[in-house]
Amino acid sequence: MTTDREHDTGSSSGGSPGGSGTRRRRGGGGRTEAVAGSTSRTDGGSADVSGSAAEGSTDTRLGRVGGALADTGVRPLDVVTYGLYGIAMLFFAFPVLWIVSASVRPEGALLSFPFRLLPRAVSVTAYQRVFREGMVTWLFNSTLITVVGVGSIIAVSVPAAYAFSRFRFRGRRQLLGAVLLFQMISSIVIIVPLYSVMTSLGLVDTRAGLVLLYVGIQTPFSIWLLKGYFDTVPEELDYAARIDGCNRLQTLRHVLLRPVLPGIAVVAIFNTVFLWSEFVIAYTVIGSERSLYTISIGIYEFQSQFGNDWRAIAAASVVGMLPLVVVFISLQRYFVKGLIKGSLKGQ
Amino acid sequence: MELHSLRKEYTNSVTAIQELSLAVNRGELLVLVGPSGCGKSTTLRCIAGLEAPTAGDVRIDEESVLDRPPEARNIAMVFQNYALYPHKTARQNIGFGLRMTTDLPEAEVRTRVEAVAETLDITELLDKKPGSLSGGQQQRVALGRAIIRDPDVFLLDEPLSNLDATLRSQMRTEIQELQRELDVTTVYVTHDQTEAMTIGDRIAVLRDGRLQQVGAPMECYHEPANRFVASFIGDPSMNLFECRVEGDVFDGELTYPAEGALSGAAATAEGQAVTLGVRPEVPTLLSPGDDATGPAFSGETDVVEPVGERSFVYVTLEAGPQLVVATVGDVTVAEQATVRVEIPRTGVHLFDGATGDALHHPDRDGANTTLGADLPE
């Protein structure tokens, strides 16, 4: 740890921000800027707009702000509320913003002082390294495993949830209870026996083996979630479909799938996020075959006993994040609709 | 369509239908009516094949259909909440059954859909989804979906219960007209006895899964088979008074002379307990100074309910029970006023106090009808 104050244009790394005689101001959006008390800054320093005590009395300023708000029809309470929302959003978004910032920093500028979210200089060397090391392969594997896995989970869960919702058979409640029970068992707890079984079946170091594991682990939760959505669809629709000539599968396909589409979207999103980012099971099953690495394993590659390449980790994380963002944006209207649907009677 | 000793038991020892036997003539509209939980909708679902009966048989055109799935029974059904497919347009809803059960070309299906829509006056709604239709419009689309397949039996499960009173009355008439135009055998389920009386060729009254009476609406009204039918059919329901035969009077909630046909009918009861029944339109409110030609009782008016062309006067008799009197036109009697009510002998029904079975009905033309041994099972 250096004692000299460092700033964004310095070449050393690893310095920690802060130190004696430094006064920090928090600007909008959670940025902090260190204003040196006794040393000069090469960047000339910058001053926050808000919070300055040098611009007249607080009461007068608040009064002017209140008047301006009243003119626009915006209530002060709304400003406070949305201001709090904004702070909360930035609080949760900050790690992501930091990762993006870290991924484009030049080497040696990662932990610079004073801290800046927006780096002074941008470098893509981290991304270059990530793609050189095999990001394309990892993306391909993650995409293949996620698409096939999520598709398989939905293919199994939808008919099962339909059966649990609509069929009356002996042991139905006990079986549903068993499904919930299996869901409570963490897969990490049983990873050793799982590996033993996979080895016996010859499925270690295969994508198919990993997909099968994921389907087995995630199906109980998916069935439970989808059953709730099927339960909200009136059974009279089934009756009408059967009278109209549909058998059970046709009823599911022609009549029930559309109403439960929000639920399927929710299942798809949850499982996509899980399968895409899952590490322990993936590393256990395919961790010894580099050509099968998923993104989560690939990111792990940048950690070693000799040190971590945080910039590369950040860059790989950003690349890994993007497909999930795309999926979420494309499915979010179903997701939101699905979250609301269950809370309204008769919907 | 016939039901032979139909029985439906559920696994939790609940018996929804008990030995139900019914015959519905071709082109007839039979109404299944009864209180909630009496087994009417279960009966309908057994006819449709949506539920398998525990015992008994369902026959359509003299052939048992128990081994046929719903789509093979050539029946059509309209549900209480319409059960329209929410993601399909009205056009797709109506044509769905034809597409699934026939090999008709798309053009033919389209033609038939439009013909049905014109019949039901919903042509302009065909490209709308159920969510943007009113209750009455959804009802018509549901009817269209049912009639397009030209079914052998038409089943309607409380189709009007979700509509407001005005629309319900209008749709009731339309359903009747449609059924007569199509001449299709129809089973209609309702818990509303007024609806049953107005819409059915015959009504079948159910209670706790058992058939109480089947007959023409006015037959069930004027000659109820038992106390339950007497109290269920008619609005307001029949006034019922628990009594015992004591010599030449019926003594109990009311003291009424036991003479003539009433006395003879009371003798056929299982015991001394009997129930006197009087329809609200039978008693007469006497004006001060009027001489009563039959048994008269004093009392005090509780409530007067004017409903337009009639008024219902609720009178608490001196002996204690309440009597509902239906009068015609405006009523000048005030609430909490002392009145005299005449109950003519020619308007009194008699039921067995132990079994509830009818013992005596007043004849509709003023004579008396004593049932004796001709009690319906």
# chains A, B, ... in the order shown; residues from 1 in each chain; ligands from 1
$ select_by_dssp --residues "segment 103-328 of chain A" --states "helix (DSSP H, G or I)" --output "NGL selection string"
:A and (103 or 125-133 or 135-166 or 172-184 or 191-200 or 207-231 or 235-243 or 248-256 or 261-277 or 280-286 or 290-292 or 295-300 or 310-328)
$ write_last_selection --atoms "C-alpha atoms" --output "compact mmCIF listing (two decimals), in the first residue's frame"
# COMPACT_ATOMS: atom_id res chain seq x y z
CA SER A 103 -13.31 -4.17 -17.43
CA THR A 125 -6.92 -5.35 -23.46
CA ALA A 126 -8.93 -7.24 -20.88
CA TYR A 127 -11.52 -8.13 -23.49
CA GLN A 128 -8.80 -9.13 -25.89
CA ARG A 129 -7.34 -11.49 -23.35
CA VAL A 130 -10.73 -12.94 -22.51
CA PHE A 131 -11.54 -13.74 -26.12
CA ARG A 132 -8.03 -15.03 -26.68
CA GLU A 133 -8.38 -17.43 -23.78
CA MET A 135 -14.59 -16.80 -24.46
CA VAL A 136 -16.17 -17.81 -27.76
CA THR A 137 -16.02 -21.47 -26.75
CA TRP A 138 -17.36 -20.71 -23.31
CA LEU A 139 -20.21 -18.66 -24.79
CA PHE A 140 -21.05 -21.47 -27.16
CA ASN A 141 -21.07 -24.08 -24.41
CA SER A 142 -23.09 -21.94 -22.03
CA THR A 143 -25.60 -21.09 -24.74
CA LEU A 144 -25.97 -24.70 -25.84
CA ILE A 145 -26.30 -26.04 -22.33
CA THR A 146 -28.72 -23.29 -21.28
CA VAL A 147 -30.94 -23.49 -24.34
CA VAL A 148 -31.14 -27.30 -24.31
CA GLY A 149 -31.43 -27.35 -20.53
CA VAL A 150 -34.16 -24.74 -20.25
CA GLY A 151 -36.03 -26.27 -23.16
CA SER A 152 -35.85 -29.69 -21.54
CA ILE A 153 -36.95 -28.36 -18.17
CA ILE A 154 -39.97 -26.68 -19.73
CA ALA A 155 -40.76 -29.76 -21.81
CA VAL A 156 -40.83 -31.90 -18.68
CA SER A 157 -42.34 -29.41 -16.25
CA VAL A 158 -45.30 -28.20 -18.29
CA PRO A 159 -47.00 -31.60 -18.72
CA ALA A 160 -46.13 -32.55 -15.16
CA ALA A 161 -47.58 -29.34 -13.76
CA TYR A 162 -50.68 -29.82 -15.91
CA ALA A 163 -51.10 -33.31 -14.55
CA PHE A 164 -50.69 -32.20 -10.96
CA SER A 165 -53.16 -29.41 -11.49
CA ARG A 166 -55.83 -31.26 -13.41
CA ARG A 172 -51.18 -36.98 -5.93
CA ARG A 173 -50.68 -34.92 -2.82
CA GLN A 174 -47.91 -37.13 -1.54
CA LEU A 175 -46.14 -36.95 -4.88
CA LEU A 176 -46.42 -33.18 -4.96
CA GLY A 177 -45.04 -33.08 -1.44
CA ALA A 178 -42.14 -35.22 -2.56
CA VAL A 179 -41.50 -32.81 -5.42
CA LEU A 180 -41.32 -29.95 -2.96
CA LEU A 181 -39.10 -31.96 -0.65
CA PHE A 182 -36.59 -32.67 -3.41
CA GLN A 183 -36.52 -29.00 -4.23
CA MET A 184 -35.37 -28.20 -0.71
CA ILE A 191 -22.52 -33.18 -5.34
CA VAL A 192 -20.29 -36.09 -4.32
CA PRO A 193 -22.87 -38.84 -4.85
CA LEU A 194 -24.02 -37.04 -8.00
CA TYR A 195 -20.48 -37.18 -9.36
CA SER A 196 -20.28 -40.85 -8.51
CA VAL A 197 -23.50 -41.56 -10.37
CA MET A 198 -22.42 -39.52 -13.37
CA THR A 199 -19.14 -41.39 -13.47
CA SER A 200 -20.93 -44.71 -13.38
CA ARG A 207 -22.59 -31.62 -22.01
CA ALA A 208 -25.45 -34.12 -22.01
CA GLY A 209 -24.56 -35.19 -18.51
CA LEU A 210 -24.57 -31.62 -17.27
CA VAL A 211 -27.89 -30.90 -18.97
CA LEU A 212 -29.42 -34.02 -17.42
CA LEU A 213 -28.27 -32.94 -13.99
CA TYR A 214 -29.67 -29.47 -14.43
CA VAL A 215 -33.00 -30.85 -15.60
CA GLY A 216 -33.17 -33.12 -12.59
CA ILE A 217 -32.27 -30.38 -10.16
CA GLN A 218 -34.49 -27.61 -11.55
CA THR A 219 -37.58 -29.56 -12.59
CA PRO A 220 -39.17 -29.80 -9.11
CA PHE A 221 -39.11 -26.06 -8.62
CA SER A 222 -40.38 -25.50 -12.15
CA ILE A 223 -43.24 -27.96 -11.70
CA TRP A 224 -44.24 -26.33 -8.44
CA LEU A 225 -44.17 -22.87 -10.02
CA LEU A 226 -46.10 -23.89 -13.13
CA LYS A 227 -48.71 -25.81 -11.19
CA GLY A 228 -49.66 -22.55 -9.54
CA TYR A 229 -50.24 -20.97 -12.91
CA PHE A 230 -52.30 -23.90 -14.16
CA ASP A 231 -54.41 -23.68 -11.01
CA GLU A 235 -61.14 -26.01 -15.20
CA GLU A 236 -64.16 -25.19 -17.34
CA LEU A 237 -61.73 -24.38 -20.15
CA ASP A 238 -60.59 -27.99 -20.04
CA TYR A 239 -64.17 -29.18 -20.09
CA ALA A 240 -65.02 -26.94 -23.03
CA ALA A 241 -61.96 -28.17 -24.91
CA ARG A 242 -62.82 -31.81 -24.29
CA ILE A 243 -66.36 -31.27 -25.47
CA ARG A 248 -55.64 -34.08 -22.90
CA LEU A 249 -52.57 -33.20 -24.94
CA GLN A 250 -54.58 -31.18 -27.42
CA THR A 251 -56.25 -29.35 -24.55
CA LEU A 252 -52.85 -28.49 -23.17
CA ARG A 253 -51.51 -27.38 -26.53
CA HIS A 254 -54.48 -25.50 -27.98
CA VAL A 255 -56.18 -24.12 -24.90
CA LEU A 256 -54.00 -23.99 -21.81
CA LEU A 261 -47.38 -18.45 -20.97
CA PRO A 262 -46.41 -15.90 -18.30
CA GLY A 263 -45.63 -18.77 -15.98
CA ILE A 264 -43.54 -20.49 -18.63
CA ALA A 265 -41.68 -17.22 -19.15
CA VAL A 266 -40.98 -17.00 -15.43
CA VAL A 267 -39.69 -20.56 -15.42
CA ALA A 268 -37.59 -19.83 -18.48
CA ILE A 269 -36.04 -16.74 -16.93
CA PHE A 270 -35.29 -18.35 -13.59
CA ASN A 271 -33.74 -21.40 -15.17
CA THR A 272 -31.81 -19.41 -17.76
CA VAL A 273 -30.20 -17.34 -15.04
CA PHE A 274 -29.43 -20.44 -12.99
CA LEU A 275 -28.04 -22.57 -15.78
CA TRP A 276 -26.06 -19.73 -17.31
CA SER A 277 -24.31 -18.76 -14.12
CA VAL A 280 -20.22 -25.84 -8.77
CA ILE A 281 -22.06 -28.54 -10.68
CA ALA A 282 -20.63 -27.44 -13.99
CA TYR A 283 -17.09 -27.48 -12.63
CA THR A 284 -17.67 -30.90 -11.07
CA VAL A 285 -19.05 -32.48 -14.20
CA ILE A 286 -17.03 -30.84 -16.98
CA ARG A 290 -11.39 -27.37 -21.24
CA SER A 291 -13.26 -27.51 -24.51
CA LEU A 292 -16.50 -27.89 -22.58
CA ILE A 295 -18.60 -19.03 -18.88
CA SER A 296 -18.69 -19.51 -15.12
CA ILE A 297 -15.77 -21.97 -15.31
CA GLY A 298 -13.97 -19.77 -17.79
CA ILE A 299 -14.14 -16.80 -15.44
CA TYR A 300 -12.66 -18.99 -12.74
CA TRP A 310 -9.50 -8.78 -12.01
CA ARG A 311 -9.78 -6.85 -15.25
CA ALA A 312 -10.14 -10.05 -17.21
CA ILE A 313 -12.60 -11.39 -14.66
CA ALA A 314 -14.60 -8.19 -15.01
CA ALA A 315 -14.46 -8.32 -18.79
CA ALA A 316 -15.55 -11.95 -18.86
CA SER A 317 -18.36 -11.14 -16.45
CA VAL A 318 -19.58 -8.32 -18.65
CA VAL A 319 -19.58 -10.53 -21.73
CA GLY A 320 -21.31 -13.25 -19.75
CA MET A 321 -23.92 -10.84 -18.47
CA LEU A 322 -25.03 -9.52 -21.84
CA PRO A 323 -27.00 -12.56 -23.05
CA LEU A 324 -28.91 -12.66 -19.77
CA VAL A 325 -29.79 -9.00 -20.14
CA VAL A 326 -31.09 -9.69 -23.65
CA VAL A 327 -33.18 -12.64 -22.43
CA PHE A 328 -34.61 -10.68 -19.57
$ residues_around --residues "Asp302 of chain B" --least-positions-apart "6" --cutoff "7 Å" --atoms "only C-alpha atoms" --output "tab-separated table (two decimals) with N, CA and C atoms, in the first residue's frame"
chain	number	residue	atom	x	y	z
B	314	TYR	N	-96.40	-9.21	4.64
B	314	TYR	CA	-95.94	-10.17	5.64
B	314	TYR	C	-96.71	-9.90	6.93
B	315	VAL	N	-97.50	-10.90	7.33
B	315	VAL	CA	-98.39	-10.75	8.48
B	315	VAL	C	-97.99	-11.73	9.56
B	316	THR	N	-97.77	-11.24	10.76
B	316	THR	CA	-97.56	-12.14	11.90
B	316	THR	C	-98.91	-12.39	12.54
B	335	GLU	N	-97.94	-0.80	7.41
B	335	GLU	CA	-97.15	-1.70	8.24
B	335	GLU	C	-97.50	-1.49	9.70
B	336	GLN	N	-97.31	-2.58	10.48
B	336	GLN	CA	-97.69	-2.57	11.90
B	336	GLN	C	-99.17	-2.25	12.09
$ residues_around --residues "Lys128 of chain B" --least-positions-apart "5" --cutoff "9 Å" --atoms "only C-alpha atoms" --output "list in words"
Lys88, Thr89, Ala90, Arg91 and Leu133 of chain B
$ closest_residue --among "B:Asp121, B:Glu246, B:Glu71, B:Glu223" --to "chain A" --atoms "only C-alpha atoms"
B:Glu71
$ closest_residue --among "A:Trp98, A:Phe92, A:Tyr334, A:Phe169" --to "chain B" --atoms "only C-alpha atoms"
A:Phe169
$ residues_around --residues "Lys40 of chain B" --least-positions-apart "5" --cutoff "8 Å" --atoms "only C-alpha atoms" --output "PyMOL selection string"
chain B and resi 32-34+189-190+206+209
$ interface_residues --of "chain B" --to "chain A" --cutoff "6 Å" --atoms "only C-alpha atoms" --output "list in words"
Pro70, Glu71, Ala83, Gly97, Met100 and Thr101 of chain B
$ write_last_selection --atoms "N, CA and C atoms" --output "PDB file, in the first residue's frame"
ATOM      1  N   PRO B  70     -66.250 -37.426 -24.149  1.00  0.00           N
ATOM      2  CA  PRO B  70     -67.158 -36.303 -24.387  1.00  0.00           C
ATOM      3  C   PRO B  70     -67.276 -35.931 -25.869  1.00  0.00           C
ATOM      4  N   GLU B  71     -66.144 -35.948 -26.567  1.00  0.00           N
ATOM      5  CA  GLU B  71     -66.178 -35.488 -27.953  1.00  0.00           C
ATOM      6  C   GLU B  71     -66.919 -36.450 -28.869  1.00  0.00           C
ATOM      7  N   ALA B  83     -66.631 -20.173 -20.282  1.00  0.00           N
ATOM      8  CA  ALA B  83     -65.450 -20.963 -20.646  1.00  0.00           C
ATOM      9  C   ALA B  83     -64.991 -20.690 -22.069  1.00  0.00           C
ATOM     10  N   GLY B  97     -64.492 -26.176 -32.249  1.00  0.00           N
ATOM     11  CA  GLY B  97     -65.004 -27.540 -32.168  1.00  0.00           C
ATOM     12  C   GLY B  97     -65.132 -28.186 -33.541  1.00  0.00           C
ATOM     13  N   MET B 100     -61.739 -29.286 -34.738  1.00  0.00           N
ATOM     14  CA  MET B 100     -61.146 -30.418 -34.014  1.00  0.00           C
ATOM     15  C   MET B 100     -61.869 -31.724 -34.309  1.00  0.00           C
ATOM     16  N   THR B 101     -63.146 -31.665 -34.623  1.00  0.00           N
ATOM     17  CA  THR B 101     -63.916 -32.904 -34.752  1.00  0.00           C
ATOM     18  C   THR B 101     -64.296 -33.262 -36.188  1.00  0.00           C
TER      19      THR B 101
END
$ residues_around --residues "Arg112 of chain B" --least-positions-apart "3" --cutoff "12 Å" --atoms "only C-alpha atoms" --output "CSV table (one decimal) with N, CA and C atoms, in the first residue's frame"
chain,number,residue,atom,x,y,z
B,91,ARG,N,-64.6,-15.7,-33.4
B,91,ARG,CA,-64.6,-16.5,-34.6
B,91,ARG,C,-63.9,-17.8,-34.3
B,92,GLN,N,-62.7,-17.7,-33.7
B,92,GLN,CA,-61.9,-18.9,-33.4
B,92,GLN,C,-62.6,-19.8,-32.4
B,94,ILE,N,-65.9,-20.0,-31.8
B,94,ILE,CA,-67.0,-20.7,-32.3
B,94,ILE,C,-66.6,-21.9,-33.2
B,95,GLY,N,-65.6,-21.6,-34.0
B,95,GLY,CA,-65.2,-22.6,-35.0
B,95,GLY,C,-64.3,-23.7,-34.5
B,96,PHE,N,-63.8,-23.6,-33.3
B,96,PHE,CA,-62.8,-24.5,-32.7
B,96,PHE,C,-63.3,-25.9,-32.7
B,97,GLY,N,-64.5,-26.2,-32.2
B,97,GLY,CA,-65.0,-27.5,-32.2
B,97,GLY,C,-65.1,-28.2,-33.5
B,98,LEU,N,-65.6,-27.4,-34.5
B,98,LEU,CA,-65.7,-28.0,-35.9
B,98,LEU,C,-64.3,-28.4,-36.4
B,99,ARG,N,-63.3,-27.5,-36.2
B,99,ARG,CA,-62.0,-27.8,-36.7
B,99,ARG,C,-61.4,-29.1,-36.0
B,104,LEU,N,-63.8,-30.7,-42.2
B,104,LEU,CA,-64.4,-29.7,-43.1
B,104,LEU,C,-63.3,-28.7,-43.5
B,105,PRO,N,-63.3,-28.3,-44.8
B,105,PRO,CA,-62.4,-27.3,-45.3
B,105,PRO,C,-62.6,-26.0,-44.5
B,106,GLU,N,-61.5,-25.2,-44.5
B,106,GLU,CA,-61.5,-23.9,-43.7
B,106,GLU,C,-62.6,-23.0,-44.2
B,107,ALA,N,-62.9,-23.0,-45.5
B,107,ALA,CA,-63.9,-22.1,-46.1
B,107,ALA,C,-65.3,-22.5,-45.5
B,108,GLU,N,-65.5,-23.8,-45.4
B,108,GLU,CA,-66.8,-24.3,-44.9
B,108,GLU,C,-67.0,-23.9,-43.5
B,109,VAL,N,-65.9,-24.1,-42.7
B,109,VAL,CA,-66.0,-23.7,-41.3
B,109,VAL,C,-66.3,-22.3,-41.1
B,115,ALA,N,-72.7,-18.0,-40.3
B,115,ALA,CA,-74.1,-18.2,-40.3
B,115,ALA,C,-74.6,-18.2,-38.9
B,116,VAL,N,-73.9,-18.9,-38.0
B,116,VAL,CA,-74.3,-18.9,-36.6
B,116,VAL,C,-74.2,-17.5,-36.0
B,117,ALA,N,-73.2,-16.8,-36.4
B,117,ALA,CA,-73.0,-15.4,-35.8
B,117,ALA,C,-74.2,-14.6,-36.2
B,118,GLU,N,-74.7,-14.8,-37.4
B,118,GLU,CA,-75.8,-14.0,-37.9
B,118,GLU,C,-77.1,-14.4,-37.1
B,119,THR,N,-77.2,-15.7,-36.9
B,119,THR,CA,-78.4,-16.1,-36.1
B,119,THR,C,-78.4,-15.5,-34.7
B,123,THR,N,-72.3,-10.9,-35.5
B,123,THR,CA,-71.4,-10.9,-36.6
B,123,THR,C,-70.2,-9.8,-36.4
B,144,GLY,N,-73.1,-19.8,-29.5
B,144,GLY,CA,-72.7,-20.1,-30.9
B,144,GLY,C,-71.7,-21.2,-31.0
B,145,ARG,N,-70.8,-21.3,-30.0
B,145,ARG,CA,-69.8,-22.4,-30.0
B,145,ARG,C,-70.6,-23.7,-29.8
B,147,ILE,N,-73.9,-24.4,-30.6
B,147,ILE,CA,-74.9,-24.8,-31.6
B,147,ILE,C,-74.3,-25.1,-33.0
B,148,ILE,N,-73.1,-24.6,-33.2
B,148,ILE,CA,-72.5,-24.8,-34.5
B,148,ILE,C,-72.3,-26.2,-34.9
B,149,ARG,N,-72.2,-27.1,-33.8
B,149,ARG,CA,-71.9,-28.5,-34.1
B,149,ARG,C,-73.2,-29.3,-34.3
B,150,ASP,N,-74.3,-28.7,-34.2
B,150,ASP,CA,-75.6,-29.4,-34.4
B,150,ASP,C,-75.6,-30.6,-33.5
$ closest_residue --among "B:Asp103, B:Glu158, B:Asp251, B:Glu281" --to "Asn81 of chain B" --atoms "only C-alpha atoms"
B:Glu158
$ residues_around --residues "Ile199 of chain B" --least-positions-apart "2" --cutoff "7 Å" --atoms "only C-alpha atoms" --output "PyMOL selection string"
chain B and resi 172+176+195-197+201
$ write_last_selection --atoms "N, CA and C atoms" --output "short mmCIF file (atom, residue, chain, number, x, y, z; two decimals), in the first residue's frame"
data_model
loop_
_atom_site.label_atom_id
_atom_site.label_comp_id
_atom_site.auth_asym_id
_atom_site.auth_seq_id
_atom_site.Cartn_x
_atom_site.Cartn_y
_atom_site.Cartn_z
N ARG B 172 -82.95 -15.29 -21.45
CA ARG B 172 -83.81 -16.44 -21.19
C ARG B 172 -84.77 -16.65 -22.35
N GLN B 176 -84.82 -19.75 -25.11
CA GLN B 176 -86.04 -20.51 -25.39
C GLN B 176 -86.34 -20.52 -26.89
N GLU B 195 -86.50 -19.00 -12.92
CA GLU B 195 -85.96 -19.31 -14.25
C GLU B 195 -86.46 -20.68 -14.70
N ALA B 196 -86.47 -21.62 -13.76
CA ALA B 196 -86.92 -22.97 -14.10
C ALA B 196 -88.37 -22.96 -14.54
N MET B 197 -89.18 -22.22 -13.84
CA MET B 197 -90.60 -22.19 -14.15
C MET B 197 -90.86 -21.57 -15.52
N ASP B 201 -89.87 -26.88 -20.42
CA ASP B 201 -91.07 -27.64 -20.76
C ASP B 201 -91.46 -28.50 -19.56
#
